[in-house]
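Shown next: entry14.txt, containing compact mmCIF, C-alpha atoms.
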```txt
# COMPACT_ATOMS: atom_id res chain seq x y z
CA MET A 1 141.70 60.89 99.43
CA LYS A 2 138.02 60.08 99.24
CA SER A 3 136.30 58.39 102.15
CA THR A 4 132.87 56.84 102.49
CA ILE A 5 131.37 56.03 105.89
CA ARG A 6 128.02 54.28 106.13
CA ILE A 7 126.07 52.96 109.10
CA GLN A 8 123.03 51.00 107.99
CA PRO A 9 120.77 48.04 108.82
CA GLU A 10 121.05 46.76 105.22
CA ASP A 11 123.58 44.20 104.05
CA PHE A 12 126.34 45.22 101.62
CA ASP A 13 127.91 43.68 98.53
CA ILE A 14 131.69 43.49 98.84
CA SER A 15 132.26 43.04 95.11
CA GLU A 16 130.36 46.28 94.52
CA GLN A 17 132.36 48.05 97.24
CA TYR A 18 135.62 46.73 95.81
CA GLN A 19 134.68 47.98 92.35
CA LEU A 20 133.76 51.43 93.70
CA LEU A 21 137.18 51.71 95.37
CA ARG A 22 138.93 50.42 92.27
CA ASP A 23 137.20 53.00 90.07
CA LEU A 24 137.79 55.89 92.48
CA THR A 25 140.83 57.39 90.85
CA LYS A 26 143.82 56.66 88.62
CA GLY A 27 147.01 55.34 90.17
CA ILE A 28 145.50 52.70 92.47
CA GLY A 29 147.87 49.77 92.81
CA ALA A 30 146.27 47.91 95.70
CA VAL A 31 142.85 47.42 97.26
CA VAL A 32 142.76 45.75 100.68
CA THR A 33 139.37 44.72 102.05
CA PHE A 34 138.25 43.26 105.36
CA THR A 35 134.80 41.85 106.12
CA GLY A 36 133.67 40.94 109.64
CA LEU A 37 130.94 38.30 110.09
CA VAL A 38 128.62 37.25 112.91
CA ARG A 39 130.22 34.11 114.44
CA GLU A 40 127.78 31.21 114.63
CA PHE A 41 129.19 30.07 117.96
CA GLU A 42 130.27 32.08 120.98
CA PRO A 43 131.48 30.89 124.39
CA SER A 44 128.68 30.41 126.90
CA GLY A 45 130.16 29.36 130.21
CA ASP A 46 132.95 26.92 129.29
CA GLN A 47 131.42 25.63 126.06
CA PRO A 48 130.92 27.30 122.70
CA SER A 49 127.23 27.52 121.99
CA ALA A 50 125.20 28.51 118.90
CA ILE A 51 123.90 32.05 118.92
CA ASP A 52 120.37 33.00 117.89
CA SER A 53 121.16 36.55 116.77
CA LEU A 54 123.29 39.61 117.33
CA SER A 55 121.88 43.07 117.88
CA ILE A 56 124.00 46.19 117.33
CA GLN A 57 123.21 49.56 118.87
CA HIS A 58 125.11 52.79 118.13
CA TYR A 59 125.19 56.45 119.07
CA SER A 60 123.98 58.17 115.93
CA GLY A 61 126.09 61.20 115.07
CA MET A 62 128.95 60.35 117.41
CA THR A 63 129.72 57.08 115.60
CA GLU A 64 130.06 58.87 112.25
CA GLU A 65 132.33 61.50 113.84
CA ARG A 66 134.50 58.85 115.46
CA LEU A 67 134.86 56.83 112.25
CA SER A 68 135.72 59.97 110.34
CA GLN A 69 138.47 60.79 112.89
CA ILE A 70 139.82 57.24 112.54
CA VAL A 71 139.99 57.62 108.75
CA ASP A 72 141.75 61.00 109.13
CA ARG A 73 144.34 59.46 111.43
CA ALA A 74 144.96 56.62 108.98
CA ALA A 75 145.26 59.05 106.06
CA ALA A 76 147.77 61.14 108.01
CA ARG A 77 149.92 58.08 108.58
CA TRP A 78 149.80 56.20 105.28
CA ASN A 79 149.55 57.15 101.64
CA LEU A 80 145.89 56.34 100.87
CA LEU A 81 143.70 57.03 97.86
CA GLY A 82 140.34 55.85 99.17
CA VAL A 83 138.72 54.40 102.29
CA THR A 84 135.28 52.84 102.74
CA ILE A 85 133.82 51.82 106.09
CA ILE A 86 130.38 50.20 106.30
CA HIS A 87 129.01 49.02 109.65
CA ARG A 88 125.62 47.43 110.07
CA ILE A 89 123.26 48.06 112.98
CA GLY A 90 120.11 46.34 114.24
CA GLU A 91 119.36 42.63 114.35
CA LEU A 92 121.80 40.30 112.52
CA LEU A 93 121.74 36.53 112.14
CA PRO A 94 124.64 34.05 112.43
CA SER A 95 127.15 34.29 109.54
CA GLU A 96 125.74 37.61 108.30
CA GLN A 97 128.16 40.41 107.41
CA ILE A 98 128.69 43.08 110.09
CA VAL A 99 131.47 45.36 108.96
CA PHE A 100 133.43 46.22 105.83
CA VAL A 101 136.68 48.15 105.60
CA GLY A 102 138.21 48.78 102.18
CA VAL A 103 141.38 50.74 101.51
CA ALA A 104 142.73 51.78 98.10
CA SER A 105 146.35 52.83 97.85
CA GLN A 106 149.27 52.99 95.43
CA HIS A 107 151.21 50.28 97.25
CA ARG A 108 150.08 47.28 99.26
CA ASN A 109 151.78 48.06 102.55
CA ASP A 110 149.79 51.27 103.04
CA GLY A 111 146.56 49.36 102.40
CA PHE A 112 147.33 46.44 104.70
CA MET A 113 148.50 48.67 107.54
CA ALA A 114 145.67 51.18 107.23
CA ALA A 115 142.99 48.45 107.11
CA GLN A 116 144.32 46.89 110.33
CA PHE A 117 144.68 50.26 112.00
CA ILE A 118 141.13 51.24 111.08
CA MET A 119 139.71 47.96 112.42
CA ASP A 120 141.72 48.21 115.66
CA TYR A 121 140.48 51.74 116.18
CA LEU A 122 136.90 50.93 115.18
CA LYS A 123 136.81 48.07 117.71
CA THR A 124 137.84 50.27 120.61
CA GLN A 125 136.78 53.83 119.66
CA ALA A 126 133.59 53.73 117.61
CA THR A 127 130.33 53.95 119.57
CA PHE A 128 128.78 50.56 118.80
CA TRP A 129 127.47 48.08 121.37
CA LYS A 130 126.66 44.42 120.64
CA GLN A 131 124.08 42.27 122.34
CA ILE A 132 124.08 38.49 121.76
CA SER A 133 120.98 36.32 121.98
CA GLN A 134 121.96 32.81 122.95
CA ASN A 135 119.96 29.97 124.52
CA GLY A 136 116.92 32.25 124.62
CA ARG A 137 118.69 34.96 126.65
CA SER A 138 120.29 38.21 125.56
CA CYS A 139 123.36 39.75 127.08
CA TRP A 140 125.62 42.68 126.25
CA VAL A 141 129.02 41.73 124.90
CA ASP A 142 132.00 42.65 127.11
CA SER A 143 134.88 44.57 125.62
CA LYS A 144 138.01 42.48 125.08
CA VAL A 145 141.42 43.15 126.61
CA SER A 146 142.95 41.81 123.36
CA ASP A 147 141.23 44.62 121.41
CA ALA A 148 142.69 47.25 123.73
CA GLN A 149 146.11 45.64 123.36
CA ALA A 150 145.82 45.57 119.57
CA LEU A 151 145.42 49.35 119.68
CA LYS A 152 148.65 49.83 121.59
CA ARG A 153 150.81 48.57 118.73
CA TRP A 154 150.08 51.77 116.82
CA ASN A 155 151.66 53.88 119.53
CA LEU A 156 149.37 56.85 119.29
CA PRO A 157 148.50 59.22 122.13
CA GLU A 158 145.26 57.97 123.65
CA ASP A 159 143.66 61.32 124.22
CA LYS A 160 139.95 61.14 124.87
CA ASP A 161 139.81 57.53 123.77
CA LEU A 162 136.83 55.35 124.61
CA MET B 1 117.86 71.17 131.51
CA VAL B 2 120.15 68.65 129.80
CA LYS B 3 119.13 65.66 127.70
CA LEU B 4 120.19 62.19 128.92
CA LEU B 5 121.19 59.17 126.83
CA PHE B 6 122.28 55.72 128.03
CA PHE B 7 123.92 53.13 125.78
CA GLY B 8 124.79 49.42 125.85
CA ARG B 9 124.16 47.66 129.15
CA LEU B 10 123.33 51.02 130.74
CA SER B 11 120.19 51.23 128.61
CA ASP B 12 118.84 48.15 130.44
CA TYR B 13 118.79 50.15 133.68
CA ALA B 14 117.42 53.36 132.23
CA ASN B 15 113.70 52.46 132.24
CA GLY B 16 111.77 55.23 133.95
CA VAL B 17 114.76 57.57 134.07
CA PRO B 18 113.78 61.08 132.98
CA THR B 19 115.03 62.02 129.50
CA GLN B 20 115.85 65.52 130.74
CA ILE B 21 117.30 66.63 134.04
CA GLN B 22 118.61 69.75 135.77
CA ALA B 23 122.27 69.30 136.67
CA SER B 24 125.54 71.21 136.54
CA THR B 25 127.88 68.24 135.85
CA ALA B 26 127.66 64.60 134.76
CA ALA B 27 128.92 63.59 138.21
CA GLU B 28 125.93 65.42 139.70
CA ILE B 29 123.57 63.55 137.35
CA ARG B 30 124.96 60.25 138.67
CA GLN B 31 124.48 61.49 142.23
CA GLN B 32 120.86 62.49 141.52
CA LEU B 33 120.09 58.97 140.22
CA VAL B 34 121.31 57.19 143.38
CA THR B 35 118.00 57.34 145.27
CA GLU B 36 115.48 56.40 142.61
CA HIS B 37 117.70 54.42 140.23
CA PRO B 38 120.38 52.82 142.42
CA LEU B 39 121.25 50.05 139.93
CA LEU B 40 121.87 52.57 137.16
CA ALA B 41 123.90 54.79 139.51
CA THR B 42 126.04 51.78 140.45
CA GLU B 43 126.64 50.93 136.79
CA LEU B 44 127.58 54.57 136.13
CA SER B 45 130.20 54.35 138.87
CA GLU B 46 132.16 51.71 136.93
CA PRO B 47 135.48 53.30 135.99
CA GLN B 48 135.18 52.25 132.33
CA VAL B 49 131.98 54.24 131.81
CA LEU B 50 132.69 57.46 129.92
CA VAL B 51 130.60 60.54 129.50
CA ALA B 52 130.12 62.47 126.25
CA VAL B 53 128.64 65.95 126.08
CA ASN B 54 127.34 66.87 122.65
CA LYS B 55 129.16 63.78 121.28
CA GLN B 56 132.59 64.71 122.69
CA ILE B 57 134.20 62.70 125.51
CA VAL B 58 134.57 65.00 128.52
CA ASP B 59 135.47 64.88 132.19
CA TRP B 60 132.69 63.99 134.63
CA GLN B 61 133.22 67.39 136.27
CA GLN B 62 132.83 69.49 133.13
CA ALA B 63 130.24 72.25 133.56
CA LEU B 64 127.03 71.54 131.62
CA GLN B 65 125.08 74.15 129.66
CA ASP B 66 121.34 74.32 129.19
CA GLY B 67 120.36 72.11 126.21
CA ASP B 68 123.49 69.90 126.32
CA GLU B 69 123.15 66.25 125.29
CA VAL B 70 124.81 64.07 127.94
CA ALA B 71 125.49 60.46 126.94
CA PHE B 72 126.81 57.70 129.19
CA LEU B 73 128.95 55.17 127.33
CA PRO B 74 130.07 51.74 128.54
CA PRO B 75 133.09 50.20 126.75
CA VAL B 76 132.33 49.86 123.04
CA THR B 77 132.07 46.47 121.30
CA GLY B 78 131.59 47.12 117.58
CA GLY B 79 133.29 45.57 114.57
```

Whole structure given in C-alpha cells:
Amino acid sequence: MKSTIRIQPEDFDISEQYQLLRDLTKGIGAVVTFTGLVREFEPSGDQPSAIDSLSIQHYSGMTEERLSQIVDRAAARWNLLGVTIIHRIGELLPSEQIVFVGVASQHRNDGFMAAQFIMDYLKTQATFWKQISQNGRSCWVDSKVSDAQALKRWNLPEDKDL
Amino acid sequence: MVKLLFFGRLSDYANGVPTQIQASTAAEIRQQLVTEHPLLATELSEPQVLVAVNKQIVDWQQALQDGDEVAFLPPVTGG
C-alpha cells in the first residue's frame, strides 16, 4: 500500500491525482475520490452570508503524523492499494479546493468506506484550524458536533483523540 | 525551558506571551499565564483544549523536560 500525504498552499489537479492513483500498481479495480471546496456562503447569525475568504492554519509536523496514523488505521481495516491525501493551507477564496482524498483498491466497497473513514478522522483528528472572513470580520470556525458523531460510527477506541 | 505554541483561536490571545517558559507541567504553564495573560489562561481552561508535548497528545499533568515543545490545541476544524 502506497500513501502520499501533502500539505501545501498550492491548488491541486484532481485528474492528475486520479491518474497517479490509477497508475500506482496492477490489480486496481476502483478509485474513489473526494474533493472538499470552500463554501461560498456560511451562516452568519440566522442568515447565510457570502464569505470573503477562508484561512487555514496547521501544526506542521503533527498534522503529517496524524494523517499518516489515519491512513494506517484505514489500511488495517480495509484492503487498500493506494491512498492520497492533499490538504491546502493559507488563504483560500470561495469555491476553491481545500482537501482531496483518493483511495485505490481492488473492490469498490473498500474504497468508499476508507475514503469516508479518512475524511471523518481528518475532520476531527488532524491539526488544522479554519478562520472565515465574512462581512469584513474574521472569526475562527467552531468544531461541529455532527463531525464528532460521524466519527462514532466507526467504533474505534478514542485513545488520545483530539 | 520549554517552547510554547498556541493554535486556532488561542493564537489570537498569545500576543506578548513568551515563546519559552520554565515550567514542570502544562497545567503549571496555564497557571503562570493567569496574571499577565488572563484571557489566554481562561481560554486554556476550556475543557476541549488539549495539550501536545513534542506533537503527542498528553495529560496536562505530564512532567515536562527541558527543550520540550508544548502546544495548546483547540478543537480542530480542517477538511

Residue hits in chain A, query chain B, radius 9 Å, only C-alpha atoms, as number ranges by chain: A: 36-37, 56-59, 61-63, 65, 87, 98-100, 119-120, 122-131, 139-144, 160-162

Point-to-point distance in Å for CA of Val38 (chain A) and CA of Leu54 (chain A): 7.3 Å

Atomic distance CA of Gln69 (chain A) - CA of Ile132 (chain A), expressed in Å with one decimal: 28.0 Å

Name the residues in contact with region 101-117 of chain A at a cut-off of 9 Å, using all atoms listed in the file, excluding same-chain residues fewer than 3 positions from it; report them as number ranges by chain. A: 17-18, 21-22, 24, 27-36, 70-71, 74-75, 77-87, 120-122, 150-151, 154

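When CA of Gln134 (chain A) is paired with CA of His37 (chain B), their separation reads 28.0 Å.
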
Distance query Val2 (chain B) at most 10 Å, only C-alpha atoms, self and fewer than 4 positions along chain excluded, as an mmCIF file with C-alpha atoms, in the coordinates of the input:
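Output contents, as saved in around04.cif:
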```
data_model
loop_
_atom_site.group_PDB
_atom_site.id
_atom_site.type_symbol
_atom_site.label_atom_id
_atom_site.label_comp_id
_atom_site.auth_asym_id
_atom_site.auth_seq_id
_atom_site.Cartn_x
_atom_site.Cartn_y
_atom_site.Cartn_z
ATOM 1 C CA THR B 19 115.030 62.020 129.500
ATOM 2 C CA GLN B 20 115.850 65.520 130.740
ATOM 3 C CA ILE B 21 117.300 66.630 134.040
ATOM 4 C CA GLN B 22 118.610 69.750 135.770
ATOM 5 C CA ALA B 23 122.270 69.300 136.670
ATOM 6 C CA SER B 24 125.540 71.210 136.540
ATOM 7 C CA THR B 25 127.880 68.240 135.850
ATOM 8 C CA ALA B 26 127.660 64.600 134.760
ATOM 9 C CA ILE B 29 123.570 63.550 137.350
ATOM 10 C CA VAL B 53 128.640 65.950 126.080
ATOM 11 C CA LEU B 64 127.030 71.540 131.620
ATOM 12 C CA GLN B 65 125.080 74.150 129.660
ATOM 13 C CA ASP B 66 121.340 74.320 129.190
ATOM 14 C CA GLY B 67 120.360 72.110 126.210
ATOM 15 C CA ASP B 68 123.490 69.900 126.320
ATOM 16 C CA GLU B 69 123.150 66.250 125.290
ATOM 17 C CA VAL B 70 124.810 64.070 127.940
#
```

Shortest interatomic distance to Gln31 (chain B) - which of B:Lys3, B:Val17, B:Leu44, B:Gln62, counting all atoms listed in the file: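 Selected residue with least distance to Gln31 (chain B): B:Leu44.
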
Expected residue set, 7 Å radius at (130.8, 57.6, 136.7), all atoms listed in the file, as a PyMOL selection string: chain B and resi 27+30+44-47+49+60

As AutoDock Vina command-line options, please: the centre and edge lengths in Å, to one decimal, of an axis-aligned box enclosing every listed atom of region 85-100 of chain A with 5 Å added on each side.
```
--center_x 126.6 --center_y 42.9 --center_z 110.1 --size_x 24.5 --size_y 27.8 --size_z 18.5
```
